[in-house]
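So this one's model_17.cif, mmCIF, C-alpha atoms:
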```cif
data_data
loop_
_atom_site.label_atom_id
_atom_site.label_comp_id
_atom_site.auth_asym_id
_atom_site.auth_seq_id
_atom_site.Cartn_x
_atom_site.Cartn_y
_atom_site.Cartn_z
CA MET I 35 4.21 -28.78 -12.30
CA ASN I 36 6.95 -31.09 -11.01
CA GLU I 37 8.71 -28.13 -9.41
CA ILE I 38 5.72 -27.47 -7.16
CA SER I 39 5.34 -31.13 -6.27
CA ALA I 40 8.99 -31.28 -5.25
CA MET I 41 8.45 -28.58 -2.60
CA ARG I 42 7.59 -30.96 0.24
CA THR I 43 8.86 -28.85 3.09
CA LEU I 44 8.42 -25.19 3.98
CA LYS I 45 11.62 -23.61 5.20
CA ASP I 46 10.66 -21.15 7.93
CA LYS I 47 8.30 -22.42 10.62
CA SER I 48 8.07 -18.92 12.14
CA ILE I 49 6.18 -17.61 9.07
CA PRO I 50 2.62 -18.85 8.43
CA TYR I 51 2.63 -21.69 5.94
CA TYR I 52 -0.17 -20.20 3.82
CA TYR I 53 1.93 -17.05 3.40
CA GLN I 54 4.99 -19.01 2.27
CA ILE I 55 2.91 -21.03 -0.22
CA MET I 56 1.23 -17.89 -1.55
CA ASN I 57 4.57 -16.17 -2.13
CA LEU I 58 6.11 -19.22 -3.78
CA LEU I 59 3.21 -19.60 -6.22
CA ARG I 60 3.08 -15.86 -6.87
CA ARG I 61 6.75 -15.80 -7.78
CA LYS I 62 6.37 -18.75 -10.15
CA ILE I 63 3.44 -17.01 -11.85
CA GLU I 64 5.28 -13.68 -12.16
CA LEU I 65 8.40 -15.41 -13.56
CA GLY I 66 6.32 -17.36 -16.07
CA GLU I 67 7.20 -20.74 -14.57
CA LEU I 68 3.46 -21.26 -14.25
CA ALA I 69 2.03 -20.25 -17.60
CA PRO I 70 -1.22 -18.33 -18.16
CA GLY I 71 -4.08 -20.80 -18.45
CA GLU I 72 -2.12 -23.62 -16.82
CA LYS I 73 -4.09 -25.83 -14.45
CA LEU I 74 -2.85 -26.40 -10.91
CA PRO I 75 -2.87 -29.86 -9.34
CA ARG I 76 -5.89 -30.85 -7.27
CA GLU I 77 -6.09 -29.10 -3.90
CA LEU I 78 -5.60 -32.38 -2.04
CA ASP I 79 -2.50 -33.26 -4.06
CA LEU I 80 -1.07 -29.75 -3.77
CA ALA I 81 -1.66 -29.69 -0.02
CA LYS I 82 0.14 -33.03 0.36
CA SER I 83 3.09 -31.80 -1.69
CA PHE I 84 3.54 -28.92 0.77
CA GLY I 85 2.77 -31.03 3.81
CA VAL I 86 -0.13 -28.80 4.93
CA SER I 87 -3.88 -29.10 5.36
CA ARG I 88 -6.35 -28.16 2.63
CA VAL I 89 -7.53 -25.28 4.81
CA THR I 90 -4.02 -23.80 4.84
CA LEU I 91 -3.62 -24.30 1.10
CA ARG I 92 -6.98 -22.66 0.40
CA GLN I 93 -5.89 -19.58 2.35
CA ALA I 94 -2.96 -19.16 -0.03
CA LEU I 95 -5.04 -19.81 -3.15
CA SER I 96 -7.78 -17.41 -2.02
CA ILE I 97 -5.30 -14.54 -1.74
CA LEU I 98 -3.92 -15.23 -5.22
CA GLU I 99 -7.46 -15.45 -6.59
CA ALA I 100 -8.36 -12.11 -4.97
CA ASP I 101 -5.23 -10.60 -6.54
CA GLY I 102 -6.36 -11.77 -9.97
CA LEU I 103 -3.61 -14.35 -10.45
CA LEU I 104 -5.80 -17.47 -10.19
CA GLU I 105 -9.23 -18.43 -11.50
CA ARG I 106 -11.40 -21.22 -10.10
CA ALA I 107 -13.87 -23.06 -12.32
CA ARG I 108 -16.37 -25.18 -10.39
CA GLY I 109 -15.93 -28.82 -11.31
CA HIS I 110 -12.86 -28.11 -13.45
CA GLY I 111 -10.14 -26.93 -11.07
CA THR I 112 -7.92 -23.92 -10.47
CA PHE I 113 -6.09 -22.18 -13.31
CA ILE I 114 -3.47 -19.47 -13.73
CA THR I 115 -5.29 -16.38 -14.99
CA LYS I 116 -4.80 -15.97 -18.74
CA THR I 117 -4.32 -12.22 -18.58
CA HIS I 118 -2.77 -10.29 -15.70
CA LYS I 119 -3.47 -6.63 -15.12
CA ILE I 120 -0.42 -4.40 -15.59
CA PRO I 121 0.43 -2.80 -12.24
CA PRO I 122 0.05 0.98 -12.25
CA LYS I 123 3.26 3.03 -12.31
CA ILE I 124 3.80 6.17 -10.31
CA LYS I 125 6.09 8.87 -11.62
CA LEU I 126 7.82 10.53 -8.70
CA THR I 127 8.75 14.14 -9.35
CA GLY I 128 9.62 15.39 -5.89
CA ILE I 129 6.69 13.99 -3.89
CA ILE I 130 4.92 10.64 -4.01
CA GLU I 131 1.41 11.84 -3.13
CA ARG I 132 0.57 13.08 -6.59
CA ASP I 133 -2.73 14.50 -7.86
CA PHE I 134 -5.59 12.02 -8.09
CA PRO I 135 -6.32 10.45 -11.51
CA ALA I 136 -9.92 11.02 -12.62
CA ARG I 137 -10.69 7.28 -12.49
CA GLU I 138 -9.47 6.91 -8.93
CA LYS I 139 -11.84 6.92 -5.96
CA ARG I 140 -11.12 8.08 -2.43
CA ARG I 141 -12.69 7.01 0.84
CA LEU I 142 -12.42 9.23 3.90
CA LEU I 143 -11.95 7.17 7.06
CA SER I 144 -11.70 9.93 9.66
CA ILE I 145 -10.72 13.48 10.53
CA ASP I 146 -9.73 13.76 14.16
CA GLU I 147 -7.47 15.43 16.70
CA VAL I 148 -4.68 13.18 17.97
CA ALA I 149 -1.72 13.48 20.30
CA ALA I 150 1.58 14.08 18.55
CA THR I 151 4.25 11.42 19.00
CA PRO I 152 7.61 12.69 20.33
CA ASP I 153 9.34 12.60 16.94
CA VAL I 154 6.46 14.43 15.24
CA GLU I 155 6.36 16.96 18.09
CA GLU I 156 10.03 17.59 17.40
CA PHE I 157 9.44 18.02 13.66
CA PHE I 158 6.66 20.58 14.19
CA ASP I 159 8.53 22.13 17.14
CA LEU I 160 5.42 21.80 19.31
CA PRO I 161 5.05 21.96 23.10
CA GLU I 162 4.82 18.60 24.86
CA ASN I 163 1.40 16.87 24.70
CA SER I 164 0.30 18.96 21.70
CA ARG I 165 -2.37 17.70 19.33
CA LEU I 166 -2.52 17.55 15.55
CA THR I 167 -5.30 17.19 13.01
CA ARG I 168 -5.10 13.76 11.37
CA PHE I 169 -6.74 12.86 8.06
CA ARG I 170 -7.06 9.14 7.26
CA ARG I 171 -8.19 7.98 3.84
CA LEU I 172 -8.00 5.17 1.31
CA ARG I 173 -7.25 5.45 -2.37
CA MET I 174 -9.16 2.98 -4.51
CA ASN I 175 -8.53 1.48 -7.92
CA GLU I 176 -11.62 -0.26 -9.34
CA ASN I 177 -13.09 -0.33 -5.80
CA SER I 178 -10.01 -2.11 -4.48
CA PRO I 179 -7.92 -0.20 -1.89
CA TYR I 180 -4.26 0.10 -2.79
CA CYS I 181 -3.09 3.01 -0.63
CA TYR I 182 -3.72 3.93 3.01
CA THR I 183 -2.74 7.50 3.88
CA MET I 184 -2.48 9.45 7.13
CA ASN I 185 -1.75 13.18 6.88
CA PHE I 186 -0.95 15.31 9.95
CA LEU I 187 -1.27 19.10 10.11
CA PRO I 188 -0.98 21.55 13.01
CA SER I 189 -4.52 22.14 14.30
CA ASN I 190 -4.61 25.77 13.17
CA LEU I 191 -4.08 24.58 9.57
CA GLY I 192 -6.11 21.38 9.83
CA GLN I 193 -9.23 23.30 10.80
CA LYS I 194 -9.13 25.09 7.45
CA VAL I 195 -9.28 21.85 5.45
CA THR I 196 -12.78 20.67 4.55
CA ARG I 197 -14.15 17.20 3.99
CA LYS I 198 -14.63 18.09 0.31
CA ASP I 199 -10.96 19.09 0.06
CA ILE I 200 -9.71 15.82 1.48
CA LEU I 201 -11.93 13.75 -0.83
CA ASN I 202 -11.01 15.58 -4.03
CA ARG I 203 -7.45 16.82 -3.67
CA SER I 204 -4.05 15.51 -2.72
CA MET I 205 -2.64 17.00 0.46
CA PHE I 206 0.12 18.58 -1.60
CA ASP I 207 -2.52 20.38 -3.67
CA ILE I 208 -4.46 21.39 -0.54
CA ILE I 209 -1.36 22.95 1.01
CA LYS I 210 -0.53 24.93 -2.15
CA LYS I 211 -3.98 25.99 -3.38
CA ARG I 212 -6.31 25.81 -0.37
CA LEU I 213 -3.95 26.93 2.39
CA ARG I 214 -1.92 29.17 0.05
CA ILE I 215 1.41 27.97 1.43
CA ARG I 216 4.48 28.04 -0.78
CA ILE I 217 6.19 24.66 -0.53
CA GLY I 218 9.91 24.56 0.09
CA LYS I 219 11.92 21.49 1.07
CA ILE I 220 10.36 18.01 1.13
CA ASN I 221 12.07 15.06 2.82
CA GLN I 222 10.86 11.52 2.10
CA THR I 223 11.95 8.11 3.31
CA PHE I 224 10.97 4.81 1.68
CA GLU I 225 10.92 1.53 3.56
CA ALA I 226 9.84 -2.04 2.85
CA ARG I 227 7.60 -3.26 5.67
CA THR I 228 5.06 -5.94 6.45
CA ALA I 229 1.44 -5.07 7.14
CA ASP I 230 0.25 -4.92 10.74
CA ASN I 231 -3.39 -5.50 11.73
CA GLU I 232 -4.53 -1.95 10.98
CA VAL I 233 -2.83 -1.66 7.58
CA ALA I 234 -3.90 -5.17 6.55
CA GLU I 235 -7.52 -4.43 7.43
CA HIS I 236 -7.66 -1.22 5.41
CA LEU I 237 -5.79 -2.53 2.36
CA LYS I 238 -7.63 -5.87 2.40
CA ILE I 239 -4.41 -7.87 2.51
CA GLY I 240 -2.96 -10.44 4.87
CA ILE I 241 -1.05 -9.64 8.03
CA LEU I 242 2.69 -9.75 7.19
CA ASP I 243 2.00 -9.02 3.50
CA PRO I 244 4.61 -6.64 2.02
CA VAL I 245 3.87 -2.91 1.86
CA LEU I 246 5.83 0.12 0.71
CA TYR I 247 5.91 2.61 3.57
CA VAL I 248 6.62 6.29 2.82
CA GLU I 249 7.16 9.07 5.36
CA THR I 250 7.01 12.65 4.12
CA PHE I 251 8.08 15.85 5.91
CA VAL I 252 7.01 19.07 4.17
CA TYR I 253 8.41 22.56 4.86
CA ASP I 254 7.43 25.96 3.51
CA VAL I 255 9.88 28.20 1.65
CA GLY I 256 10.93 29.77 4.95
CA GLY I 257 11.89 26.40 6.41
CA GLU I 258 8.87 26.12 8.72
CA PRO I 259 7.32 22.62 9.07
CA VAL I 260 3.91 22.30 7.41
CA GLU I 261 2.83 18.67 7.09
CA PHE I 262 3.82 15.11 8.01
CA SER I 263 2.38 12.03 6.32
CA GLN I 264 2.52 8.25 6.54
CA ILE I 265 1.56 6.34 3.40
CA TYR I 266 1.23 2.58 2.94
CA TYR I 267 1.07 1.10 -0.57
CA GLN I 268 0.34 -2.54 -1.33
CA GLY I 269 3.69 -4.06 -2.15
CA ASN I 270 2.45 -7.31 -3.66
CA ARG I 271 0.13 -5.86 -6.30
CA HIS I 272 1.86 -2.70 -7.47
CA LYS I 273 5.22 -1.77 -8.89
CA TYR I 274 6.66 1.72 -8.85
CA SER I 275 8.70 3.39 -11.56
CA ILE I 276 10.85 6.27 -10.31
CA GLU I 277 12.21 8.91 -12.69
CA LEU I 278 14.85 11.15 -11.14
CA LEU I 279 14.86 14.67 -12.53
CA SER I 280 18.29 16.28 -12.31
CA ASN I 281 17.32 19.71 -13.72
CA GLY I 282 20.31 19.57 -16.02
CA LYS I 283 22.73 18.47 -13.32
CA THR I 284 24.60 15.18 -13.28
CA LEU I 285 22.93 12.59 -11.08
#
```

Once more with this new file: its structure as structure tokens, please.
Amino acid sequence: MNEISAMRTLKDKSIPYYYQIMNLLRRKIELGELAPGEKLPRELDLAKSFGVSRVTLRQALSILEADGLLERARGHGTFITKTHKIPPKIKLTGIIERDFPAREKRRLLSIDEVAATPDVEEFFDLPENSRLTRFRRLRMNENSPYCYTMNFLPSNLGQKVTRKDILNRSMFDIIKKRLRIRIGKINQTFEARTADNEVAEHLKIGILDPVLYVETFVYDVGGEPVEFSQIYYQGNRHKYSIELLSNGKTL
């Protein structure tokens, strides 16, 4: 515990102190420097060691408790959780939005018509000021949201997708089996980002928390654009294992 007590100053005053404390403690837990079952110092002592108020410290501890890394026992203190859940792994075989596991729940946020941004207009080769059908939903693991997804389809295709479809199928599956479109090329980009207000609200995380952002551009076998998606995954609670399939060719 001396290592924590020695951290009397927080380096970057432009980043909220609670966020810096949360990340420091999280890293020590993940590296095993704070052992499962170990008791943290009293809140007052820990706050003094960081040079912050108890309110600020409690913000950091509350996030770690919500993430299952800390346990609080009334009258006894705060402890490192004895057992941590193993983060789920996603096997990527061409597209990240895979079929839904049976245990997973989905929550539909909205289906609406929205104006296409200039870059999306260009992708779909649409006239200026065109509109797209947007599907917004959350993917839940044990009632905790871990993925916020926005899928965009041209309106003529979007109108064929039902509420039942969007709650029970991945968009990839909808395109293939519901819309009967043969998928061709898929382009994806992966980017580390921090959560803005909207993403933080839906994923139940803090503003500036890390997220994995994925953009996907889907074409049919004739090269015509079919679908565009934006996906945000919690970056501080999930790890992703990627297996590259070379189809017999050297990577």

Starting from the point (5.5, 19.8, 2.6), work out which residues of protein, DNA or RNA have an atom no more than 9 Å away when counting all atoms listed in the file; state them as a PyMOL selection string. chain I and resi 129+205-206+209+216-221+250-254+259-262

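With the shown file loaded, the PyMOL selection byres ((chain I and resi 247) around 6) picks out I:Phe224, I:Glu225, I:Leu246, I:Val248, I:Ile265, I:Tyr266.
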
Which of these, I:Leu74, I:Leu187, I:Ile145, I:Leu201, has the shortest distance to Glu105 in chain I once you count all atoms listed in the file?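 Ranked by minimum distance to Glu105 in chain I, first place goes to I:Leu74.
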
Would you write out, as a ChimeraX atom specification, every residue that the PyMOL selection byres ((chain I and resi 91) around 8) captures in this file? /I:52,55,77,80-81,86-90,92-95

Using only C-alpha atoms, find each residue in range 172-242 of chain I having at least one atom no more than 12 Å away from range 147-160 of chain I; report its shortest atom-to-atom pair and that distance in Å (one decimal), rows by chain then rising number, as a Markdown table.
```
| residue | atom | partner | partner_atom | distance |
| --- | --- | --- | --- | --- |
| I:Met184 | CA | I:Val148 | CA | 11.7 |
| I:Asn185 | CA | I:Val148 | CA | 11.5 |
| I:Phe186 | CA | I:Ala150 | CA | 9.0 |
| I:Leu187 | CA | I:Phe158 | CA | 9.0 |
| I:Pro188 | CA | I:Phe158 | CA | 7.8 |
| I:Ser189 | CA | I:Glu147 | CA | 7.7 |
| I:Asn190 | CA | I:Glu147 | CA | 11.3 |
| I:Gly192 | CA | I:Glu147 | CA | 9.2 |
| I:Gln193 | CA | I:Glu147 | CA | 10.0 |
| I:Asn221 | CA | I:Phe157 | CA | 11.5 |
```

Provide the CA of Ser178 in chain I to CA of Lys238 in chain I distance in Å, to one decimal place. 8.2 Å

Taking the file as I've supplied it (selection: the PyMOL selection byres ((chain I and resi 58-70) around 9)), which residues are included? Please answer as a PDB file with C-alpha atoms, in the coordinates of the input.
```
ATOM      1  CA  MET I  35       4.210 -28.780 -12.300  1.00  0.00           C
ATOM      2  CA  ILE I  38       5.720 -27.470  -7.160  1.00  0.00           C
ATOM      3  CA  TYR I  53       1.930 -17.050   3.400  1.00  0.00           C
ATOM      4  CA  GLN I  54       4.990 -19.010   2.270  1.00  0.00           C
ATOM      5  CA  ILE I  55       2.910 -21.030  -0.220  1.00  0.00           C
ATOM      6  CA  MET I  56       1.230 -17.890  -1.550  1.00  0.00           C
ATOM      7  CA  ASN I  57       4.570 -16.170  -2.130  1.00  0.00           C
ATOM      8  CA  GLY I  71      -4.080 -20.800 -18.450  1.00  0.00           C
ATOM      9  CA  GLU I  72      -2.120 -23.620 -16.820  1.00  0.00           C
ATOM     10  CA  LYS I  73      -4.090 -25.830 -14.450  1.00  0.00           C
ATOM     11  CA  LEU I  74      -2.850 -26.400 -10.910  1.00  0.00           C
ATOM     12  CA  ALA I  94      -2.960 -19.160  -0.030  1.00  0.00           C
ATOM     13  CA  LEU I  95      -5.040 -19.810  -3.150  1.00  0.00           C
ATOM     14  CA  LEU I  98      -3.920 -15.230  -5.220  1.00  0.00           C
ATOM     15  CA  LEU I 103      -3.610 -14.350 -10.450  1.00  0.00           C
ATOM     16  CA  PHE I 113      -6.090 -22.180 -13.310  1.00  0.00           C
ATOM     17  CA  ILE I 114      -3.470 -19.470 -13.730  1.00  0.00           C
ATOM     18  CA  THR I 115      -5.290 -16.380 -14.990  1.00  0.00           C
ATOM     19  CA  LYS I 116      -4.800 -15.970 -18.740  1.00  0.00           C
ATOM     20  CA  THR I 117      -4.320 -12.220 -18.580  1.00  0.00           C
ATOM     21  CA  HIS I 118      -2.770 -10.290 -15.700  1.00  0.00           C
TER      22      HIS I 118
END
```
